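As stored in coords.txt (compact mmCIF, C-alpha atoms):
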# COMPACT_ATOMS: atom_id res chain seq x y z
CA MET E 1 127.67 93.11 131.37
CA GLN E 2 127.53 89.41 132.14
CA THR E 3 126.97 88.58 135.78
CA THR E 4 124.84 86.47 138.14
CA LEU E 5 122.05 87.06 140.61
CA SER E 6 124.49 86.38 143.44
CA ASN E 7 126.20 89.64 142.51
CA TYR E 8 122.94 91.51 141.88
CA PRO E 9 120.17 89.86 143.94
CA GLN E 10 118.11 93.05 143.56
CA LEU E 11 117.55 92.01 139.93
CA PHE E 12 115.67 88.85 140.93
CA ASP E 13 112.14 90.19 140.36
CA GLU E 14 113.07 91.71 137.00
CA THR E 15 114.74 88.46 135.93
CA ASN E 16 111.77 86.38 136.99
CA ARG E 17 109.38 88.65 135.05
CA LEU E 18 111.59 88.30 131.97
CA ILE E 19 111.49 84.50 132.22
CA GLU E 20 107.73 84.38 132.73
CA LYS E 21 107.06 86.70 129.80
CA SER E 22 109.52 84.93 127.50
CA LEU E 23 108.04 81.51 128.31
CA ASN E 24 104.45 82.76 128.07
CA TYR E 25 103.94 81.65 131.63
CA PRO E 26 100.31 81.52 132.79
CA ALA E 27 99.34 84.64 134.75
CA THR E 28 98.05 82.50 137.60
CA GLU E 29 101.32 80.56 137.95
CA HIS E 30 104.69 81.57 139.33
CA TYR E 31 107.94 80.40 137.76
CA ALA E 32 109.96 81.10 140.91
CA VAL E 33 107.66 78.75 142.85
CA ASP E 34 107.38 75.99 140.24
CA PHE E 35 111.13 76.01 139.62
CA TYR E 36 112.37 76.92 143.07
CA PRO E 37 115.49 74.68 142.80
CA VAL E 38 116.92 76.99 140.13
CA MET E 39 115.48 80.29 141.40
CA ASN E 40 116.26 80.03 145.12
CA PRO E 41 118.86 82.33 146.74
CA LYS E 42 121.32 79.48 147.33
CA ASN E 43 121.48 78.96 143.56
CA PHE E 44 121.83 82.63 142.58
CA LYS E 45 125.47 82.03 141.58
CA ASN E 46 124.09 79.82 138.77
CA ASN E 47 121.49 82.35 137.56
CA HIS E 48 123.48 83.91 134.71
CA ILE E 49 122.25 87.21 133.29
CA LEU E 50 123.21 89.81 130.70
CA TYR E 51 122.56 93.26 132.10
CA GLN E 52 122.81 96.73 130.60
CA GLN E 53 120.43 99.14 132.32
CA GLU E 54 117.96 96.23 132.24
CA VAL E 55 118.07 92.42 132.32
CA MET E 56 118.46 91.40 128.69
CA ALA E 57 118.88 87.62 128.99
CA HIS E 58 118.99 84.80 131.53
CA VAL E 59 120.26 81.21 131.63
CA GLY E 60 119.68 79.22 134.81
CA LEU E 61 121.73 76.18 135.79
CA ASN E 62 121.50 73.55 138.49
CA LEU E 63 124.32 71.09 139.25
CA ARG E 64 123.01 67.65 140.19
CA GLU E 65 123.84 63.95 140.03
CA ILE E 66 121.83 61.13 138.50
CA ILE E 67 122.21 57.88 140.37
CA CYS E 68 121.20 54.23 140.19
CA LYS E 69 122.42 52.03 143.03
CA ASP E 70 126.14 52.87 143.27
CA GLU E 71 126.56 54.38 139.79
CA VAL E 72 126.68 58.17 139.68
CA LEU E 73 126.91 60.69 136.82
CA PRO E 74 127.30 64.45 137.49
CA VAL E 75 125.00 66.52 135.28
CA ALA E 76 124.06 70.15 134.77
CA LEU E 77 120.41 71.10 134.26
CA LEU E 78 119.59 74.21 132.24
CA GLY E 79 116.36 76.16 132.46
CA GLY E 80 114.76 79.58 132.49
CA VAL E 81 116.47 80.40 129.20
CA ALA E 82 115.07 83.76 128.16
CA VAL E 83 115.92 86.83 126.06
CA LYS E 84 113.96 90.06 126.27
CA SER E 85 111.96 90.61 123.09
CA THR E 86 113.60 93.98 122.36
CA HIS E 87 117.05 92.36 122.48
CA ARG E 88 116.42 89.29 120.36
CA GLY E 89 118.36 88.70 117.17
CA LYS E 90 121.49 90.34 118.59
CA GLY E 91 123.36 87.17 119.57
CA HIS E 92 122.76 87.54 123.30
CA LEU E 93 121.53 83.96 123.75
CA LYS E 94 124.49 82.55 121.85
CA ARG E 95 126.96 84.58 123.88
CA LEU E 96 125.45 83.83 127.28
CA LEU E 97 124.65 80.15 126.74
CA ASN E 98 128.07 79.38 125.25
CA ASP E 99 129.78 81.05 128.21
CA VAL E 100 127.67 79.07 130.70
CA LEU E 101 128.41 75.79 128.88
CA LYS E 102 132.13 76.56 128.72
CA LYS E 103 132.24 77.43 132.43
CA HIS E 104 130.73 74.11 133.51
CA GLU E 105 131.63 71.60 130.79
CA LYS E 106 134.71 70.28 132.59
CA SER E 107 132.79 69.33 135.74
CA VAL E 108 129.80 67.39 134.33
CA GLY E 109 129.27 64.46 132.01
CA ILE E 110 126.00 65.68 130.51
CA PHE E 111 124.01 68.89 130.16
CA ILE E 112 120.21 68.49 130.12
CA LEU E 113 117.78 71.13 128.89
CA TRP E 114 114.00 71.05 128.56
CA SER E 115 112.65 72.83 125.48
CA ASP E 116 110.62 72.16 122.36
CA LEU E 117 112.99 74.38 120.32
CA THR E 118 114.93 71.36 119.10
CA GLU E 119 116.39 72.95 115.98
CA LEU E 120 117.63 76.00 117.88
CA TYR E 121 119.48 73.99 120.49
CA LYS E 122 121.04 71.60 117.98
CA LYS E 123 123.29 74.56 117.13
CA PHE E 124 124.63 74.32 120.70
CA GLY E 125 125.16 70.55 120.59
CA PHE E 126 121.90 69.50 122.27
CA PHE E 127 119.97 66.51 120.92
CA PRO E 128 116.77 64.70 121.98
CA ALA E 129 117.27 61.58 124.09
CA GLY E 130 115.57 59.58 126.80
CA ALA E 131 111.84 58.92 126.74
CA PHE E 132 108.68 58.60 128.78
CA LEU E 133 105.18 57.35 128.05
CA ASP E 134 102.48 60.00 128.37
CA HIS E 135 99.41 58.04 129.42
CA HIS E 136 96.60 60.43 128.42
CA VAL E 137 93.75 59.80 130.81
CA ASP E 138 91.90 62.28 132.99
CA GLY E 139 90.28 60.39 135.83
CA ILE E 140 89.60 60.51 139.53
CA VAL E 141 92.25 60.02 142.22
CA PRO E 142 91.68 56.69 144.02
CA ASN E 143 89.99 57.16 147.38
CA ASN E 144 92.79 55.38 149.24
CA TYR E 145 95.08 58.38 148.61
CA ILE E 146 95.08 61.47 150.81
CA LEU E 147 95.88 64.91 149.38
CA THR E 148 98.56 67.02 151.07
CA LYS E 149 101.67 69.10 150.33
CA PHE E 150 105.31 68.30 150.98
CA LYS E 151 105.53 71.29 153.33
CA ASN E 152 102.80 69.76 155.53
CA LEU E 153 104.58 66.44 156.15
CA ASN E 154 105.91 65.68 159.59
CA ALA E 155 109.45 64.36 159.99
CA LYS E 156 108.33 60.72 160.11
CA ASP E 157 106.25 60.89 156.92
CA LEU E 158 108.93 62.79 155.02
CA GLY E 159 111.47 60.23 156.18
CA GLN E 160 109.33 57.39 154.81
CA ILE E 161 108.98 59.12 151.42
CA LYS E 162 112.74 59.77 151.33
CA LYS E 163 113.36 56.08 151.99
CA ILE E 164 111.00 54.96 149.22
CA TYR E 165 112.69 57.35 146.81
CA SER E 166 116.26 56.41 147.67
CA LYS E 167 115.82 52.68 148.27
CA VAL E 168 113.36 51.90 145.47
CA LEU E 169 113.32 54.54 142.73
CA CYS E 170 117.10 55.10 142.86
CA SER E 171 117.57 51.34 142.48
CA GLU E 172 115.07 50.84 139.68
CA TYR E 173 115.99 53.89 137.56
CA PHE E 174 118.70 56.44 136.93
CA THR E 175 117.18 59.41 138.68
CA PHE E 176 118.28 62.48 140.59
CA LYS E 177 120.10 62.02 143.85
CA ARG E 178 118.31 64.01 146.55
CA ALA E 179 120.16 65.23 149.60
CA ASP E 180 118.31 66.90 152.48
CA LEU E 181 118.72 70.31 150.85
CA HIS E 182 116.91 69.06 147.72
CA TRP E 183 114.00 67.81 149.82
CA GLU E 184 113.85 71.19 151.56
CA MET E 185 113.60 72.86 148.16
CA ILE E 186 110.82 70.49 147.13
CA LYS E 187 108.83 71.73 150.12
CA LYS E 188 108.84 75.16 148.48
CA ILE E 189 107.21 73.89 145.26
CA ASP E 190 103.73 74.62 146.54
CA SER E 191 102.16 74.14 143.10
CA THR E 192 102.66 70.35 143.33
CA ASP E 193 100.03 68.22 145.04
CA LEU E 194 101.25 65.21 147.02
CA TYR E 195 99.01 62.16 147.45
CA ILE E 196 99.91 59.50 150.01
CA SER E 197 98.53 56.04 150.77
CA ARG E 198 99.07 54.32 154.11
CA ASN E 199 99.07 50.71 155.28
CA VAL E 200 97.10 49.41 158.27
CA LYS E 201 99.90 50.55 160.60
CA GLY E 202 99.66 54.10 159.30
CA ASP E 203 102.98 54.03 157.45
CA ILE E 204 103.26 55.43 153.92
CA LYS E 205 103.30 52.58 151.41
CA SER E 206 103.05 54.68 148.24
CA TYR E 207 102.79 58.25 147.04
CA PHE E 208 102.50 60.27 143.87
CA CYS E 209 103.03 63.89 142.81
CA GLN E 210 100.60 65.67 140.51
CA GLY E 211 100.85 69.06 138.86
CA LYS E 212 103.43 71.84 138.79
CA GLY E 213 102.89 75.02 136.83
CA GLY E 214 101.15 75.30 133.50
CA ASP E 215 102.79 72.41 131.65
CA LEU E 216 102.19 69.75 134.32
CA LYS E 217 98.60 70.47 135.29
CA GLY E 218 96.85 67.18 135.98
CA VAL E 219 100.01 65.19 135.25
CA VAL E 220 101.32 62.55 137.67
CA HIS E 221 105.08 62.97 137.25
CA GLU E 222 106.46 61.03 140.21
CA VAL E 223 105.21 57.76 141.64
CA GLY E 224 106.87 56.13 144.64
CA TYR E 225 106.06 52.73 146.14
CA LEU E 226 107.42 49.83 148.08
CA MET E 227 108.39 47.12 145.59
CA GLU E 228 105.78 44.68 146.86
CA ASN E 229 103.08 47.27 146.08
CA ARG E 230 104.33 48.23 142.60
CA GLU E 231 101.72 46.50 140.43
CA GLN E 232 98.86 47.49 142.70
CA VAL E 233 99.93 51.14 142.68
CA LEU E 234 100.25 51.30 138.90
CA ASN E 235 96.84 49.68 138.59
CA ASP E 236 95.37 52.21 141.04
CA LEU E 237 96.65 55.08 138.90
CA ARG E 238 95.61 53.69 135.50
CA HIS E 239 92.79 56.25 135.22
CA LEU E 240 95.10 59.24 135.76
CA ARG E 241 97.45 60.95 133.33
CA VAL E 242 100.79 59.44 134.33
CA TRP E 243 104.24 59.97 132.85
CA HIS E 244 105.83 56.50 132.85
CA PRO E 245 109.60 56.02 132.51
CA THR E 246 110.49 53.74 129.62
CA LEU E 247 113.44 52.37 127.69
CA GLY E 248 113.10 50.49 124.42
CA GLN E 249 109.30 50.40 124.41
CA GLU E 250 107.64 51.62 121.23
CA SER E 251 104.42 53.54 121.67
CA CYS E 252 102.48 56.34 120.00
CA GLU E 253 102.48 58.05 123.40
CA LEU E 254 106.27 58.20 123.55
CA LYS E 255 107.89 61.60 124.18
CA TYR E 256 111.53 62.62 124.47
CA LEU E 257 112.69 63.18 128.03
CA GLY E 258 114.83 66.21 127.18
CA LEU E 259 117.66 67.67 125.15
CA PHE E 260 121.09 66.27 126.04
CA ARG E 261 124.60 67.61 125.39
CA ILE E 262 127.90 65.92 126.21
CA GLY E 263 129.94 67.85 128.77
CA ASN E 264 133.32 66.42 129.73
CA PRO E 265 133.95 63.28 127.62
CA LYS E 266 136.35 61.96 130.28
CA ILE E 267 133.65 62.05 132.97
CA LEU E 268 131.06 60.48 130.69
CA GLY E 269 133.60 57.97 129.40
CA LEU E 270 134.59 56.83 132.89
CA PHE E 271 130.93 56.40 133.81
CA LEU E 272 130.24 54.33 130.68
CA GLU E 273 133.38 52.25 131.10
CA GLN E 274 132.41 51.35 134.64
CA ARG E 275 128.81 50.69 133.65
CA SER E 276 129.80 48.41 130.77
CA GLY E 277 132.46 46.52 132.68
CA GLY E 278 135.11 47.91 130.35
CA ASP E 279 133.33 46.91 127.12
CA LEU E 280 132.61 50.52 126.09
CA ARG E 281 135.40 53.11 125.91
CA LEU E 282 134.74 56.64 124.73
CA ILE E 283 137.72 57.79 122.68
CA SER E 284 136.75 61.29 121.54
CA HIS E 285 133.91 63.75 121.03
CA GLU E 286 134.36 66.48 118.44
CA ASN E 287 132.50 68.06 115.52
CA ASN E 288 129.25 66.47 116.73
CA GLU E 289 130.69 62.98 116.35
CA VAL E 290 131.59 60.41 118.98
CA THR E 291 134.34 57.88 118.47
CA PHE E 292 134.22 54.90 120.79
CA LYS E 293 135.49 51.38 121.12
CA PHE E 294 132.97 48.67 121.87
CA LYS E 295 134.73 45.47 122.86
CA LYS E 296 137.29 45.15 120.05
CA SER E 297 135.55 47.27 117.41
CA ARG E 298 136.07 51.00 116.85
CA HIS E 299 133.14 53.13 115.71
CA THR E 300 132.35 56.77 114.89
CA VAL E 301 128.73 57.92 114.99
CA PRO E 302 126.85 61.24 115.20
CA THR E 303 126.55 62.58 118.74
CA SER E 304 122.76 62.50 118.41
CA ASP E 305 122.85 58.74 117.80
CA PHE E 306 125.34 58.04 120.57
CA LEU E 307 123.24 59.88 123.16
CA GLN E 308 120.27 57.70 122.24
CA TYR E 309 122.43 54.57 122.43
CA ILE E 310 123.11 55.45 126.07
CA PHE E 311 119.90 57.13 127.22
CA GLY E 312 117.31 55.74 124.82
CA PRO E 313 114.63 55.65 123.73
CA PHE E 314 115.76 52.73 121.54
CA PRO E 315 119.32 51.58 122.25
CA PRO E 316 120.81 49.04 119.81
CA ARG E 317 120.71 45.44 120.94
CA GLU E 318 124.41 45.56 121.85
CA PHE E 319 123.82 48.54 124.17
CA LYS E 320 120.69 47.38 125.98
CA SER E 321 122.55 46.05 129.01
CA MET E 322 124.36 49.37 129.57
CA ALA E 323 121.69 51.87 128.46
CA CYS E 324 120.33 54.03 131.29
CA ASN E 325 116.64 53.75 132.14
CA LEU E 326 115.97 57.36 133.15
CA PHE E 327 113.28 58.72 135.45
CA PHE E 328 113.12 62.50 135.84
CA SER E 329 110.43 63.91 138.08
CA GLY E 330 108.86 67.30 137.53
CA LEU E 331 110.09 68.18 141.00
CA ASP E 332 113.69 68.14 139.76
CA SER E 333 113.35 69.49 136.22
CA ILE E 334 114.11 73.15 135.67
Target encoding structure tokens, full file:
Amino acid sequence: MQTTLSNYPQLFDETNRLIEKSLNYPATEHYAVDFYPVMNPKNFKNNHILYQQEVMAHVGLNLREIICKDEVLPVALLGGVAVKSTHRGKGHLKRLLNDVLKKHEKSVGIFILWSDLTELYKKFGFFPAGAFLDHHVDGIVPNNYILTKFKNLNAKDLGQIKKIYSKVLCSEYFTFKRADLHWEMIKKIDSTDLYISRNVKGDIKSYFCQGKGGDLKGVVHEVGYLMENREQVLNDLRHLRVWHPTLGQESCELKYLGLFRIGNPKILGLFLEQRSGGDLRLISHENNEVTFKFKKSRHTVPTSDFLQYIFGPFPPREFKSMACNLFFSGLDSI
């Protein structure tokens, strides 16, 4: 039987145990805490499971928007993909994942999944795209930053962080739009440490988030600042392991941001047409090929190439003005 946790909330604990075991989650960590946005009761309708006397497989989904200034692209995030060991090799993942993709592909421009199983997910139309720089340094947090948690912030401090995120980060990068409900979910991610720095008036001038679960231990995965403090903040954090957003910058520390799959070509096409001022028109997407018209020339390229034209890491010279500089925080990834 294919169903969701909204229909069978009593299966939550069993589903969470399946995910943790399948992902080899550290015994001291908790997937439902680290990835609360996908595992919270309000999202149970998007926790898809196969059930027959026991939970056999799970695919979690979160509907979001990435935004930069006034440009918005609806996306679907996939995570918590798991199949019980005794049920592997029976096609359960293929069946469940394909059904989830089919259910949501008309409403989003892009699906995004985080996994190192690149070859497996190519079979489902997912390809690596986007990039970040992994600055491998393990140092000491500067003494002008104070350690806290999102759940401990008062309304004023949270409001100042929200403003930095929406006014600065959402103008500098394509990143996830956060409504109040998303900030409330972030408060539940207790495994993330929040560091804040204040000016002489006591207002927050910069902040950063460090850690979340086993894979982000010691990693600074979100940095917020007022624009006038940008260079100083990045200099302050140079001795920490920071994930830096990047587009078109070659480096041995470069890593793919995630695995991307085209959803509704009309939604993606409209977004790209608006972003390019009409220069780029997506004509079709089929058989893992994209046909598009750029200015007056028609082209057909592999989907894997086209996704990197748009999201990096190295867009062609002709695409640099319309490529999306992505920033995905660990607080939003699932």
Contacts of stretch 171-179 of chain E within 6 Å, all atoms listed in the file, excl. fewer than 6 positions in-chain, as an MDAnalysis selection string | chainID E and resid 65:69 325:328
Do a neighbour search on stretch 201-217 of chain E at 9 Å with all atoms listed in the file, toss out local chain neighbours closer than 4 positions, and write the hits as a JSON list (two decimals) with C-alpha atoms, in the coordinates of the input.
[["chain", "number", "residue", "atom", "x", "y", "z"],
["E", 25, "TYR", "CA", 103.94, 81.65, 131.63],
["E", 26, "PRO", "CA", 100.31, 81.52, 132.79],
["E", 28, "THR", "CA", 98.05, 82.50, 137.60],
["E", 29, "GLU", "CA", 101.32, 80.56, 137.95],
["E", 30, "HIS", "CA", 104.69, 81.57, 139.33],
["E", 31, "TYR", "CA", 107.94, 80.40, 137.76],
["E", 33, "VAL", "CA", 107.66, 78.75, 142.85],
["E", 34, "ASP", "CA", 107.38, 75.99, 140.24],
["E", 35, "PHE", "CA", 111.13, 76.01, 139.62],
["E", 145, "TYR", "CA", 95.08, 58.38, 148.61],
["E", 156, "LYS", "CA", 108.33, 60.72, 160.11],
["E", 157, "ASP", "CA", 106.25, 60.89, 156.92],
["E", 160, "GLN", "CA", 109.33, 57.39, 154.81],
["E", 161, "ILE", "CA", 108.98, 59.12, 151.42],
["E", 164, "ILE", "CA", 111.00, 54.96, 149.22],
["E", 189, "ILE", "CA", 107.21, 73.89, 145.26],
["E", 190, "ASP", "CA", 103.73, 74.62, 146.54],
["E", 191, "SER", "CA", 102.16, 74.14, 143.10],
["E", 192, "THR", "CA", 102.66, 70.35, 143.33],
["E", 193, "ASP", "CA", 100.03, 68.22, 145.04],
["E", 194, "LEU", "CA", 101.25, 65.21, 147.02],
["E", 195, "TYR", "CA", 99.01, 62.16, 147.45],
["E", 196, "ILE", "CA", 99.91, 59.50, 150.01],
["E", 197, "SER", "CA", 98.53, 56.04, 150.77],
["E", 221, "HIS", "CA", 105.08, 62.97, 137.25],
["E", 222, "GLU", "CA", 106.46, 61.03, 140.21],
["E", 223, "VAL", "CA", 105.21, 57.76, 141.64],
["E", 224, "GLY", "CA", 106.87, 56.13, 144.64],
["E", 225, "TYR", "CA", 106.06, 52.73, 146.14],
["E", 226, "LEU", "CA", 107.42, 49.83, 148.08],
["E", 229, "ASN", "CA", 103.08, 47.27, 146.08],
["E", 230, "ARG", "CA", 104.33, 48.23, 142.60],
["E", 233, "VAL", "CA", 99.93, 51.14, 142.68],
["E", 242, "VAL", "CA", 100.79, 59.44, 134.33],
["E", 329, "SER", "CA", 110.43, 63.91, 138.08],
["E", 330, "GLY", "CA", 108.86, 67.30, 137.53],
["E", 331, "LEU", "CA", 110.09, 68.18, 141.00]]
Within 12 Å of E:His299 using all atoms listed in the file, minus same-chain residues under 3 positions, as a list in words = Leu280, Arg281, Leu282, Ile283, Ser284, His285, Glu289, Val290, Thr291, Phe292, Lys293, Phe294, Lys295, Lys296, Pro302, Thr303, Asp305 and Phe306 of chain E
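Going from atom CA of E:Lys149 over to atom CA of E:Met185, you cover 12.7 Å.
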Around (92.5, 60.7, 128.9) in the file's own coordinates, what residues are found within 8 Å if you use only C-alpha atoms, given back as a count of residues only?
-> 8
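Across the model, the gap from atom CA of E:Met227 to atom CA of E:Pro142 is 19.3 Å.
When only C-alpha atoms are used to measure the gap to E:Phe124, the shortest distance among E:Leu234, E:Cys324, E:Leu272, E:Leu97 belongs to E:Leu97.
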Shortest contact to E:Leu120, candidates E:Asn199, E:His104, E:Ser166, E:Leu259, atoms counted all atoms listed in the file, goes to E:Leu259
Skip E:His182 itself and residues of its chain fewer than 5 positions away, then list as a PyMOL selection string all residues within 12 Å of it, counting only C-alpha atoms.
-> chain E and resi 36-38+40+42-43+62-65+162+176-177+187-189+331-332
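Among the candidate residues E:Leu158, E:Leu23, E:Leu254, E:Leu247, the one lying nearest to E:Val81 is E:Leu23, with distances computed using only C-alpha atoms.
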Grab the atom CA of E:Asn24 to atom CA of E:Ser333 distance for me, in Å with one decimal place.
-> 17.9 Å
Edge lengths and centre in Å to one decimal, as AutoDock Vina command-line options, of the axis-aligned box that encloses all listed atoms of stretch 193-204 of chain E with 8 Å added on every side?
--center_x 100.2 --center_y 58.8 --center_z 152.8 --size_x 22.2 --size_y 34.8 --size_z 31.6
